[in-house]
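**Q** File follows, target-v4.pdb with PDB, C-alpha atoms:
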ATOM      1  CA  MET A1318      14.945 144.433 147.477
ATOM      2  CA  ALA A1319      15.366 147.815 149.177
ATOM      3  CA  ASP A1320      19.059 147.289 149.985
ATOM      4  CA  MET A1321      20.077 146.313 146.417
ATOM      5  CA  ALA A1322      22.032 149.001 144.532
ATOM      6  CA  PRO A1323      20.626 150.294 141.277
ATOM      7  CA  PRO A1324      22.081 148.765 138.061
ATOM      8  CA  GLY A1325      23.653 152.003 136.968
ATOM      9  CA  ARG A1326      25.611 152.288 140.182
ATOM     10  CA  ILE A1327      26.929 148.697 139.811
ATOM     11  CA  ARG A1328      28.233 149.378 136.304
ATOM     12  CA  ALA A1329      29.973 152.512 137.478
ATOM     13  CA  ARG A1330      31.586 150.612 140.354
ATOM     14  CA  ASN A1331      32.876 147.823 138.026
ATOM     15  CA  THR A1332      34.338 150.365 135.661
ATOM     16  CA  CYS A1333      36.204 151.976 138.584
ATOM     17  CA  LEU A1334      37.563 148.608 139.727
ATOM     18  CA  VAL A1335      38.864 147.782 136.238
ATOM     19  CA  GLY A1336      40.551 151.135 136.001
ATOM     20  CA  LEU A1337      42.115 150.694 139.460
ATOM     21  CA  VAL A1338      43.530 147.256 138.575
ATOM     22  CA  SER A1339      44.987 148.560 135.287
ATOM     23  CA  ALA A1340      46.647 151.422 137.115
ATOM     24  CA  ILE A1341      48.187 149.090 139.738
ATOM     25  CA  VAL A1342      49.580 146.732 137.007
ATOM     26  CA  ALA A1343      50.990 149.624 135.007
ATOM     27  CA  VAL A1344      52.751 151.055 138.101
ATOM     28  CA  GLY A1345      54.093 147.629 139.184
ATOM     29  CA  CYS A1346      55.458 146.517 135.787
ATOM     30  CA  GLY A1347      56.798 149.862 134.703
ATOM     31  CA  PRO A1348      57.082 151.579 131.316
ATOM     32  CA  PRO A1349      58.409 148.556 129.401
ATOM     33  CA  TYR A1350      55.211 146.628 130.099
ATOM     34  CA  ALA A1351      53.104 149.537 129.023
ATOM     35  CA  ALA A1352      55.121 149.895 125.825
ATOM     36  CA  ASP A1353      54.829 146.165 125.081
ATOM     37  CA  ARG A1354      51.109 146.289 125.737
ATOM     38  CA  ALA A1355      50.762 149.217 123.410
ATOM     39  CA  LYS A1356      52.822 147.399 120.756
ATOM     40  CA  GLY A1357      50.761 144.257 121.263
ATOM     41  CA  ALA A1358      47.565 146.181 120.925
ATOM     42  CA  ALA A1359      48.784 147.660 117.664
ATOM     43  CA  LEU A1360      49.833 144.260 116.289
ATOM     44  CA  ALA A1361      46.824 142.389 117.598
ATOM     45  CA  GLY A1362      44.386 144.730 115.980
ATOM     46  CA  GLY A1363      42.202 144.705 119.085
ATOM     47  CA  THR A1364      40.232 142.094 120.914
ATOM     48  CA  GLY A1365      38.741 139.500 118.627
ATOM     49  CA  GLY A1366      41.728 139.184 116.235
ATOM     50  CA  GLY A1367      41.143 141.854 113.644
ATOM     51  CA  PRO A1368      43.710 142.693 110.959
ATOM     52  CA  GLY A1369      47.195 143.108 112.365
ATOM     53  CA  GLY A1370      49.608 145.964 112.212
ATOM     54  CA  GLU A1371      52.590 146.557 110.006
ATOM     55  CA  GLY A1372      53.676 143.470 108.015
ATOM     56  CA  GLY A1373      50.131 142.045 107.807
ATOM     57  CA  GLU A1374      50.206 139.995 111.035
ATOM     58  CA  THR A1375      46.902 138.536 112.217
ATOM     59  CA  GLY A1376      45.845 139.454 115.737
ATOM     60  CA  GLY A1377      44.894 137.030 118.516
ATOM     61  CA  MET A1378      42.946 137.125 121.740
ATOM     62  CA  GLY A1379      44.970 139.313 124.022
ATOM     63  CA  GLY A1380      48.232 137.972 122.643
ATOM     64  CA  MET A1381      51.162 139.207 120.642
ATOM     65  CA  ALA A1382      51.903 138.159 117.079
ATOM     66  CA  ARG A1383      54.444 135.322 116.754
ATOM     67  CA  PRO A1384      57.767 136.060 115.044
ATOM     68  CA  ASP A1385      56.573 134.225 111.892
ATOM     69  CA  GLY A1386      53.628 136.619 111.642
ATOM     70  CA  SER A1387      50.876 134.208 112.805
ATOM     71  CA  ALA A1388      48.445 135.114 115.545
ATOM     72  CA  GLY A1389      49.205 134.458 119.194
ATOM     73  CA  THR A1390      46.778 133.408 121.915
ATOM     74  CA  GLY A1391      47.753 134.950 125.172
ATOM     75  CA  GLY A1392      51.034 134.912 127.044
ATOM     76  CA  MET A1393      53.389 134.957 124.042
ATOM     77  CA  LEU A1394      56.971 136.010 124.688
ATOM     78  CA  PRO A1395      57.950 139.397 123.337
ATOM     79  CA  ARG A1396      59.200 139.173 119.766
ATOM     80  CA  ASP A1397      62.860 139.852 120.653
ATOM     81  CA  ALA A1398      62.922 137.022 123.225
ATOM     82  CA  ALA A1399      61.368 134.473 120.887
ATOM     83  CA  SER A1400      63.662 135.206 117.905
ATOM     84  CA  ASP A1401      66.719 133.078 116.979
ATOM     85  CA  PRO A1402      70.087 134.567 117.896
ATOM     86  CA  PRO A1403      71.656 136.656 115.126
ATOM     87  CA  PRO A1404      74.091 134.840 112.783
ATOM     88  CA  LEU A1405      77.824 135.021 113.417
ATOM     89  CA  PRO A1406      79.752 137.650 111.495
ATOM     90  CA  PRO A1407      81.399 136.176 108.364
ATOM     91  CA  ASP A1408      84.894 136.340 109.881
ATOM     92  CA  LEU A1409      83.753 134.176 112.824
ATOM     93  CA  ALA A1410      81.735 131.659 110.833
ATOM     94  CA  ILE A1411      83.111 128.104 110.801
ATOM     95  CA  ASP A1412      84.247 126.839 107.377
ATOM     96  CA  VAL A1413      83.075 123.237 107.242
ATOM     97  CA  SER A1414      83.775 122.619 103.557
ATOM     98  CA  LEU A1415      86.091 119.699 102.701
ATOM     99  CA  PRO A1416      89.600 120.506 101.578
ATOM    100  CA  PRO A1417      89.976 120.149  97.786
ATOM    101  CA  ASP A1418      91.882 116.864  98.007
ATOM    102  CA  LEU A1419      89.052 115.282 100.046
ATOM    103  CA  ALA A1420      86.140 116.619  98.071
ATOM    104  CA  ALA A1421      83.609 113.969  97.111
ATOM    105  CA  ASP A1422      83.812 114.821  93.434
ATOM    106  CA  LYS A1423      87.579 114.343  93.237
ATOM    107  CA  ALA A1424      88.158 111.275  91.095
ATOM    108  CA  PRO A1425      90.948 108.897  92.143
ATOM    109  CA  ASP A1426      93.979 108.641  89.949
ATOM    110  CA  ILE A1427      93.518 105.361  88.112
ATOM    111  CA  SER A1428      95.966 105.951  85.301
ATOM    112  CA  PRO A1429      98.268 102.945  84.791
ATOM    113  CA  ASP A1430     101.805 103.020  86.083
ATOM    114  CA  VAL A1431     103.912 103.163  82.916
ATOM    115  CA  GLY A1432     106.994 102.290  84.950
ATOM    116  CA  GLY A1433     109.679 103.705  82.698
ATOM    117  CA  ALA A1434     109.589 107.436  83.330
ATOM    118  CA  GLY A1435     113.110 108.740  83.846
ATOM    119  CA  LYS A1436     114.762 105.373  83.014
ATOM    120  CA  THR A1437     116.972 104.485  80.063
ATOM    121  CA  VAL A1438     117.293 101.097  78.359
ATOM    122  CA  LEU A1439     120.187 100.070  76.097
ATOM    123  CA  LEU A1440     118.762  97.745  73.434
ATOM    124  CA  VAL A1441     121.629  95.713  71.978
ATOM    125  CA  MET A1442     120.753  94.190  68.605
ATOM    126  CA  GLY A1443     122.236  92.923  65.364
ATOM    127  CA  TYR A1444     121.882  94.758  62.077
ATOM    128  CA  THR A1445     121.784  93.078  58.716
ATOM    129  CA  THR A1446     124.946  93.177  56.608
ATOM    130  CA  PRO A1447     125.656  95.573  55.094
ATOM    131  CA  LYS A1448     124.537  97.798  57.966
ATOM    132  CA  ASP A1449     120.905  98.832  57.615
ATOM    133  CA  ALA A1450     119.498 101.767  59.510
ATOM    134  CA  ALA A1451     116.112 100.034  59.721
ATOM    135  CA  LEU A1452     115.580  97.824  62.791
ATOM    136  CA  ARG A1453     114.417  94.264  62.380
ATOM    137  CA  PRO A1454     110.682  93.728  63.043
ATOM    138  CA  SER A1455     111.158  92.067  66.455
ATOM    139  CA  ASP A1456     113.591  94.738  67.641
ATOM    140  CA  THR A1457     111.241  97.460  66.416
ATOM    141  CA  LYS A1458     108.423  95.988  68.506
ATOM    142  CA  LEU A1459     110.626  95.693  71.606
ATOM    143  CA  LYS A1460     111.699  99.315  71.212
ATOM    144  CA  MET A1461     108.129 100.531  70.719
ATOM    145  CA  ARG A1462     106.922  98.568  73.747
ATOM    146  CA  LEU A1463     109.572 100.116  75.963
ATOM    147  CA  GLU A1464     108.968 103.632  74.696
ATOM    148  CA  GLY A1465     105.222 103.173  75.095
ATOM    149  CA  ARG A1466     105.814 102.547  78.797
ATOM    150  CA  GLY A1467     107.906 105.682  79.219
ATOM    151  CA  PHE A1468     111.438 104.318  78.878
ATOM    152  CA  LYS A1469     114.064 106.160  76.880
ATOM    153  CA  VAL A1470     115.665 103.649  74.489
ATOM    154  CA  THR A1471     119.207 103.916  73.160
ATOM    155  CA  LEU A1472     120.497 101.474  70.565
ATOM    156  CA  GLY A1473     123.546  99.243  70.808
ATOM    157  CA  ASP A1474     125.171  97.258  67.998
ATOM    158  CA  ASP A1475     126.489  93.735  68.423
ATOM    159  CA  ASP A1476     129.639  95.011  66.684
ATOM    160  CA  ASP A1477     130.290  97.669  69.350
ATOM    161  CA  PRO A1478     133.840  97.144  70.655
ATOM    162  CA  ASP A1479     132.811  97.140  74.324
ATOM    163  CA  ALA A1480     129.964  97.716  76.769
ATOM    164  CA  SER A1481     130.621 101.422  77.292
ATOM    165  CA  LYS A1482     127.155 102.355  76.001
ATOM    166  CA  ALA A1483     125.712 100.680  79.106
ATOM    167  CA  THR A1484     127.242 103.353  81.335
ATOM    168  CA  GLY A1485     124.523 105.538  82.863
ATOM    169  CA  THR A1486     121.656 103.309  81.736
ATOM    170  CA  ASP A1487     119.154 101.529  83.976
ATOM    171  CA  LEU A1488     118.872  98.292  81.988
ATOM    172  CA  VAL A1489     120.562  96.380  79.158
ATOM    173  CA  ILE A1490     118.480  94.126  76.896
ATOM    174  CA  ILE A1491     120.307  91.839  74.477
ATOM    175  CA  THR A1492     117.914  90.647  71.789
ATOM    176  CA  ASP A1493     118.054  87.422  69.802
ATOM    177  CA  THR A1494     119.150  89.253  66.661
ATOM    178  CA  VAL A1495     122.751  89.668  67.882
ATOM    179  CA  GLY A1496     125.676  87.581  66.679
ATOM    180  CA  ASN A1497     128.273  85.668  68.672
ATOM    181  CA  GLN A1498     130.653  88.633  68.514
ATOM    182  CA  VAL A1499     128.920  90.045  71.597
ATOM    183  CA  ALA A1500     130.564  87.228  73.581
ATOM    184  CA  ALA A1501     131.361  88.369  77.149
ATOM    185  CA  LYS A1502     131.328  92.137  76.533
ATOM    186  CA  TYR A1503     128.386  92.680  78.916
ATOM    187  CA  THR A1504     129.145  90.011  81.521
ATOM    188  CA  MET A1505     130.517  92.384  84.138
ATOM    189  CA  VAL A1506     128.216  95.394  83.683
ATOM    190  CA  GLN A1507     126.778  96.542  86.998
ATOM    191  CA  VAL A1508     123.356  97.445  85.623
ATOM    192  CA  PRO A1509     120.545  94.861  85.299
ATOM    193  CA  LEU A1510     120.527  92.780  82.119
ATOM    194  CA  ILE A1511     117.959  90.715  80.181
ATOM    195  CA  CYS A1512     119.132  88.306  77.510
ATOM    196  CA  ALA A1513     116.949  86.547  74.927
ATOM    197  CA  ASP A1514     119.830  84.932  72.979
ATOM    198  CA  GLN A1515     120.537  81.442  74.297
ATOM    199  CA  GLY A1516     123.930  81.461  72.549
ATOM    200  CA  LEU A1517     125.162  84.081  75.045
ATOM    201  CA  PHE A1518     123.849  82.465  78.244
ATOM    202  CA  ASP A1519     127.192  80.796  78.968
ATOM    203  CA  ASP A1520     129.212  83.943  78.122
ATOM    204  CA  LEU A1521     127.104  85.912  80.561
ATOM    205  CA  LYS A1522     127.478  83.145  83.191
ATOM    206  CA  LEU A1523     123.713  82.650  83.278
ATOM    207  CA  THR A1524     124.223  78.938  82.556
ATOM    208  CA  GLY A1525     127.051  76.436  82.381
ATOM    209  CA  ASN A1526     127.692  75.885  78.683
ATOM    210  CA  ALA A1527     126.156  76.647  75.333
ATOM    211  CA  GLY A1528     125.504  72.969  74.693
ATOM    212  CA  GLY A1529     122.829  73.039  77.406
ATOM    213  CA  ASP A1530     121.000  76.073  76.025
ATOM    214  CA  HIS A1531     118.805  75.936  72.962
ATOM    215  CA  ALA A1532     115.960  77.362  71.039
ATOM    216  CA  THR A1533     113.183  74.804  71.099
ATOM    217  CA  ALA A1534     111.084  73.437  68.347
ATOM    218  CA  ASN A1535     108.250  75.853  67.633
ATOM    219  CA  VAL A1536     105.770  76.366  70.494
ATOM    220  CA  THR A1537     102.890  78.693  71.278
ATOM    221  CA  GLN A1538     102.891  78.157  75.053
ATOM    222  CA  ILE A1539     105.119  78.141  78.109
ATOM    223  CA  VAL A1540     104.273  76.834  81.588
ATOM    224  CA  ILE A1541     104.413  79.165  84.606
ATOM    225  CA  THR A1542     105.853  77.157  87.509
ATOM    226  CA  ASN A1543     106.444  79.917  90.059
ATOM    227  CA  THR A1544     103.227  81.901  90.104
ATOM    228  CA  THR A1545     104.063  84.062  93.144
ATOM    229  CA  HIS A1546     107.172  85.713  91.728
ATOM    230  CA  PRO A1547     106.865  89.107  89.990
ATOM    231  CA  LEU A1548     108.458  87.623  86.864
ATOM    232  CA  ALA A1549     105.275  85.551  86.413
ATOM    233  CA  ALA A1550     103.159  88.705  85.907
ATOM    234  CA  GLY A1551     100.344  87.097  87.924
ATOM    235  CA  ILE A1552      99.844  84.397  85.288
ATOM    236  CA  MET A1553      99.356  80.733  86.258
ATOM    237  CA  GLY A1554      99.851  77.414  84.501
ATOM    238  CA  SER A1555     100.116  76.869  80.750
ATOM    239  CA  VAL A1556      99.778  80.131  78.874
ATOM    240  CA  THR A1557      99.749  80.951  75.184
ATOM    241  CA  VAL A1558     102.378  83.616  74.529
ATOM    242  CA  ALA A1559     102.364  83.907  70.738
ATOM    243  CA  GLY A1560      99.869  84.077  67.933
ATOM    244  CA  GLY A1561     101.590  81.226  66.144
ATOM    245  CA  ALA A1562     104.139  78.521  66.917
ATOM    246  CA  GLU A1563     107.647  80.010  67.166
ATOM    247  CA  ALA A1564     111.029  79.002  68.584
ATOM    248  CA  ALA A1565     111.377  79.792  72.311
ATOM    249  CA  THR A1566     114.714  80.405  74.026
ATOM    250  CA  TRP A1567     115.511  78.332  77.128
ATOM    251  CA  GLY A1568     118.416  77.546  79.430
ATOM    252  CA  ASN A1569     119.497  75.349  82.330
ATOM    253  CA  PRO A1570     120.487  77.881  84.987
ATOM    254  CA  ALA A1571     122.405  77.440  88.255
ATOM    255  CA  ALA A1572     120.806  76.339  91.514
ATOM    256  CA  ALA A1573     120.544  79.906  92.842
ATOM    257  CA  ALA A1574     118.420  81.006  89.902
ATOM    258  CA  ILE A1575     114.778  81.955  90.307
ATOM    259  CA  LYS A1576     112.991  79.592  87.921
ATOM    260  CA  VAL A1577     109.632  80.917  86.777
ATOM    261  CA  ALA A1578     108.563  79.177  83.550
ATOM    262  CA  THR A1579     109.471  76.140  81.430
ATOM    263  CA  ILE A1580     108.855  74.775  77.977
ATOM    264  CA  PRO A1581     105.729  72.520  77.961
ATOM    265  CA  ASN A1582     106.513  68.955  79.095
ATOM    266  CA  GLN A1583     110.194  69.875  79.600
ATOM    267  CA  ALA A1584     110.809  70.656  83.263
ATOM    268  CA  ASN A1585     114.564  71.207  82.722
ATOM    269  CA  GLN A1586     114.130  73.657  79.855
ATOM    270  CA  VAL A1587     113.649  76.923  81.728
ATOM    271  CA  ALA A1588     112.047  79.648  79.620
ATOM    272  CA  ILE A1589     112.095  82.451  82.220
ATOM    273  CA  PHE A1590     114.653  82.624  85.011
ATOM    274  CA  GLY A1591     116.440  85.313  86.973
ATOM    275  CA  TYR A1592     119.193  86.054  89.452
ATOM    276  CA  ASP A1593     119.105  88.677  92.159
ATOM    277  CA  LYS A1594     122.153  90.917  92.392
ATOM    278  CA  GLY A1595     124.878  88.989  94.216
ATOM    279  CA  ALA A1596     123.313  85.562  93.606
ATOM    280  CA  MET A1597     125.748  82.898  92.424
ATOM    281  CA  MET A1598     125.480  82.240  88.716
ATOM    282  CA  ASN A1599     127.851  79.866  86.916
ATOM    283  CA  GLY A1600     131.028  80.715  88.817
ATOM    284  CA  LEU A1601     130.203  84.443  89.165
ATOM    285  CA  ALA A1602     128.163  86.462  91.635
ATOM    286  CA  ALA A1603     125.694  88.457  89.573
ATOM    287  CA  PRO A1604     127.002  92.074  89.228
ATOM    288  CA  GLY A1605     123.385  93.179  88.863
ATOM    289  CA  LYS A1606     120.033  91.535  88.319
ATOM    290  CA  ARG A1607     120.009  89.071  85.424
ATOM    291  CA  VAL A1608     117.120  87.539  83.437
ATOM    292  CA  GLY A1609     116.998  84.803  80.805
ATOM    293  CA  PHE A1610     113.917  85.350  78.635
ATOM    294  CA  PHE A1611     112.183  83.046  76.135
ATOM    295  CA  ALA A1612     111.389  85.560  73.364
ATOM    296  CA  GLY A1613     113.671  84.710  70.456
ATOM    297  CA  ASP A1614     113.640  86.737  67.231
ATOM    298  CA  ALA A1615     110.493  85.271  65.622
ATOM    299  CA  MET A1616     108.746  84.838  68.992
ATOM    300  CA  ALA A1617     109.255  88.521  69.889
ATOM    301  CA  ASP A1618     107.801  89.467  66.516
ATOM    302  CA  ASN A1619     104.698  87.358  67.168
ATOM    303  CA  MET A1620     104.011  87.739  70.909
ATOM    304  CA  ASN A1621     100.434  88.205  72.097
ATOM    305  CA  ASP A1622      99.206  90.129  75.140
ATOM    306  CA  ASN A1623     100.365  87.429  77.576
ATOM    307  CA  GLY A1624     103.835  87.413  76.046
ATOM    308  CA  TRP A1625     104.093  91.192  76.375
ATOM    309  CA  LYS A1626     102.851  91.097  79.974
ATOM    310  CA  LEU A1627     105.665  88.679  80.789
ATOM    311  CA  PHE A1628     108.153  90.928  79.005
ATOM    312  CA  ASP A1629     106.916  93.955  80.971
ATOM    313  CA  ALA A1630     107.222  91.948  84.193
ATOM    314  CA  ALA A1631     110.824  91.006  83.374
ATOM    315  CA  VAL A1632     111.704  94.638  82.686
ATOM    316  CA  ASP A1633     109.984  95.911  85.828
ATOM    317  CA  TRP A1634     111.598  93.301  88.072
ATOM    318  CA  ALA A1635     115.036  93.961  86.597
ATOM    319  CA  VAL A1636     114.935  97.754  87.122
ATOM    320  CA  THR A1637     113.447  97.541  90.624
ATOM    321  CA  PRO A1638     116.254  97.937  93.209
TER     322      PRO A1638
END
Take the structure I supplied and represent it as structure tokens, if you would.

**A**
Amino acid sequence: MADMAPPGRIRARNTCLVGLVSAIVAVGCGPPYAADRAKGAALAGGTGGGPGGEGGETGGMGGMARPDGSAGTGGMLPRDAASDPPPLPPDLAIDVSLPPDLAADKAPDISPDVGGAGKTVLLVMGYTTPKDAALRPSDTKLKMRLEGRGFKVTLGDDDDPDASKATGTDLVIITDTVGNQVAAKYTMVQVPLICADQGLFDDLKLTGNAGGDHATANVTQIVITNTTHPLAAGIMGSVTVAGGAEAATWGNPAAAAIKVATIPNQANQVAIFGYDKGAMMNGLAAPGKRVGFFAGDAMADNMNDNGWKLFDAAVDWAVTP
């Protein structure tokens, strides 16, 4: 048609329009836009996604490279707006580590409570005549058991003139190797006391008279009758306490006594009993805790694990305020 412009003129006009639009955008957005466009052009590597700029980023169609270096496709935020905020300085960072005592790898303390640390026991025993520096087998085992649990053991002799060695101790144990000369020497001591010699029960006011206290015919068992009391060591019913049949000490204590174990088939023959401090014994309020214990001389020499658990329980109960 006559009015239609020649092709060359149309191309020239389109080029002018593109240039005009670019100029308007550049003026309206200002230098930052121009700088970003220039940066984007450098990173994009030109239209069509050629090789990127510094760092090896891959270009995209008219878009900026992403912060991770991959190509963008139009309208990407500038790199500084898309980046994560900078980390806090070290002095402002929050320490979220557990304190040492709460750390997951801290093993709990499961060591057994030895019970005797810082406590002293006076072990009153009888020596053979003439006096022999060596302890009898049962007394040796009692001493070793106490020391193995942390107690300091001092030795008393049944021939000592009085109970002065008990001063400053935490517990007195009178073994079955003593003679009658001990009599009432320890009756009024204020510290706790355990006695395994039935011949002294009446002197100590644990029972009424010696005629009611005996060592039984040989047995291997006793019967726990009060399973809830600490003196029972958590043991119930008939329990074997020795590796072989041996004589067991027993008594017939006062009504206020805590009765824990008896001789088998003999409900009135009490093998383990105790008095709290101040409880009424035979005509005397207990000056301290008192325990009558079944382990005579041969029995103490032959006790098994159950027998020793009951001994430990008697010691622990006696020294506990």

**Q** Closest to Phe1628 of chain A among A:Ala1596, A:Ala1483, A:Ala1549, A:Val1506, using all atoms listed in the file?

**A**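 Of the candidates, the smallest distance to Phe1628 of chain A is held by A:Ala1549.
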
**Q** Excluding same-chain residues fewer than 6 positions from Leu1459 of chain A, what lies within 9 Å of it counting all atoms listed in the file, as a PyMOL selection string?

**A** chain A and resi 1440+1492+1617-1618

**Q** Translate the PyMOL selection byres ((chain A and resi 1530-1542) around 8), as applied to the file shown, into an explicit residue set as a ChimeraX atom specification.

**A** /A:1515-1516,1518,1524,1526-1529,1543-1544,1549,1552-1569,1576-1581,1588,1613

**Q** Report the residues retrieved by the PyMOL selection byres ((chain A and resi 1520) around 9) from the displayed file, expressed as a list in words.

**A** Val1499, Ala1500, Ala1501, Lys1502, Tyr1503, Thr1504, Gly1516, Leu1517, Phe1518, Asp1519, Leu1521, Lys1522, Leu1523, Thr1524, Gly1525, Asn1526 and Ala1527 of chain A

**Q** Between A:Thr1471, A:Val1495, A:Leu1463, A:Lys1448, which has the minimum distance to Asp1614 of chain A (counting only C-alpha atoms)?

**A**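 The answer is A:Val1495, which sits nearest to Asp1614 of chain A.
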
**Q** Using the chain letters and numbers from this file, what does the PyMOL selection byres ((chain A and resi 1469) around 10) select? Give the answer as a PyMOL selection string.

**A** chain A and resi 1433-1439+1460+1463-1468+1470-1471+1486-1487

**Q** Enter the distance from atom CA of Trp1634 of chain A to atom CA of Ala1584 of chain A, in Å, rounded to one decimal.

**A**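 Here the two named atoms are 23.2 Å from each other.
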
**Q** Between atom CA of Lys1458 of chain A and atom CA of Leu1548 of chain A, what is the distance in Å, rounded to a tenth?

**A** 20.2 Å

**Q** Neighbouring residues of Pro1547 of chain A were defined as those with any atom within 8 Å, considering all atoms listed in the file; residues of the same chain fewer than 2 positions away were excluded. Please report them as a list in words.

**A** Thr1545, Ala1549, Ala1550, Gly1551, Ala1630, Ala1631 and Trp1634 of chain A

**Q** Write a file of the selected residues as an mmCIF file, keeping the file's coordinate frame, keeping C-alpha atoms.

**A**
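Saved to out_20.cif:
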data_model
loop_
_atom_site.group_PDB
_atom_site.id
_atom_site.type_symbol
_atom_site.label_atom_id
_atom_site.label_comp_id
_atom_site.auth_asym_id
_atom_site.auth_seq_id
_atom_site.Cartn_x
_atom_site.Cartn_y
_atom_site.Cartn_z
ATOM 1 C CA THR A 1545 104.063 84.062 93.144
ATOM 2 C CA ALA A 1549 105.275 85.551 86.413
ATOM 3 C CA ALA A 1550 103.159 88.705 85.907
ATOM 4 C CA GLY A 1551 100.344 87.097 87.924
ATOM 5 C CA ALA A 1630 107.222 91.948 84.193
ATOM 6 C CA ALA A 1631 110.824 91.006 83.374
ATOM 7 C CA TRP A 1634 111.598 93.301 88.072
#

**Q** Which one of A:Asp1477, A:Arg1462, A:Ala1573, A:Met1598 sits closest to Val1632 of chain A if you count only C-alpha atoms?

**A** A:Arg1462

**Q** To one decimal in Å, tell me the separation between atom CA of Met1505 of chain A and atom CA of Ala1571 of chain A.

**A**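 Between these atoms lies a distance of 17.5 Å.
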
**Q** Would you pick out the contacts of Pro1509 of chain A at 8 Å or less, using all atoms listed in the file, so that residues sharing its chain but fewer than 6 positions from it are not included, and give the list as a list in words?

**A**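 Everything that qualifies: Asp1487, Leu1488, Val1489, Gly1605, Lys1606, Arg1607, Ala1635 and Val1636 of chain A.
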
**Q** In the coordinate frame of the file, compute which residues have an atom within 9 Å of (119.0, 93.9, 97.4) when using only C-alpha atoms, and state them as a list in words.

**A**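 The residues that fall inside the cut-off are Asp1593, Lys1594, Gly1595 and Pro1638 of chain A.
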
**Q** Show which residues sit within 8 Å of Met1442 of chain A, as a list in words. Count only C-alpha atoms, and ignore same-chain residues fewer than 4 positions away.

**A**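 These residues fall inside the cut-off: Asp1456, Leu1472, Gly1473, Asp1474, Asp1475, Ile1491, Thr1492, Asp1493, Thr1494 and Val1495 of chain A.
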
**Q** From the options A:Tyr1592, A:Phe1611, A:Trp1625, A:Tyr1444, which residue's atoms come nearest to Ala1513 of chain A, counting only C-alpha atoms?

**A** A:Phe1611
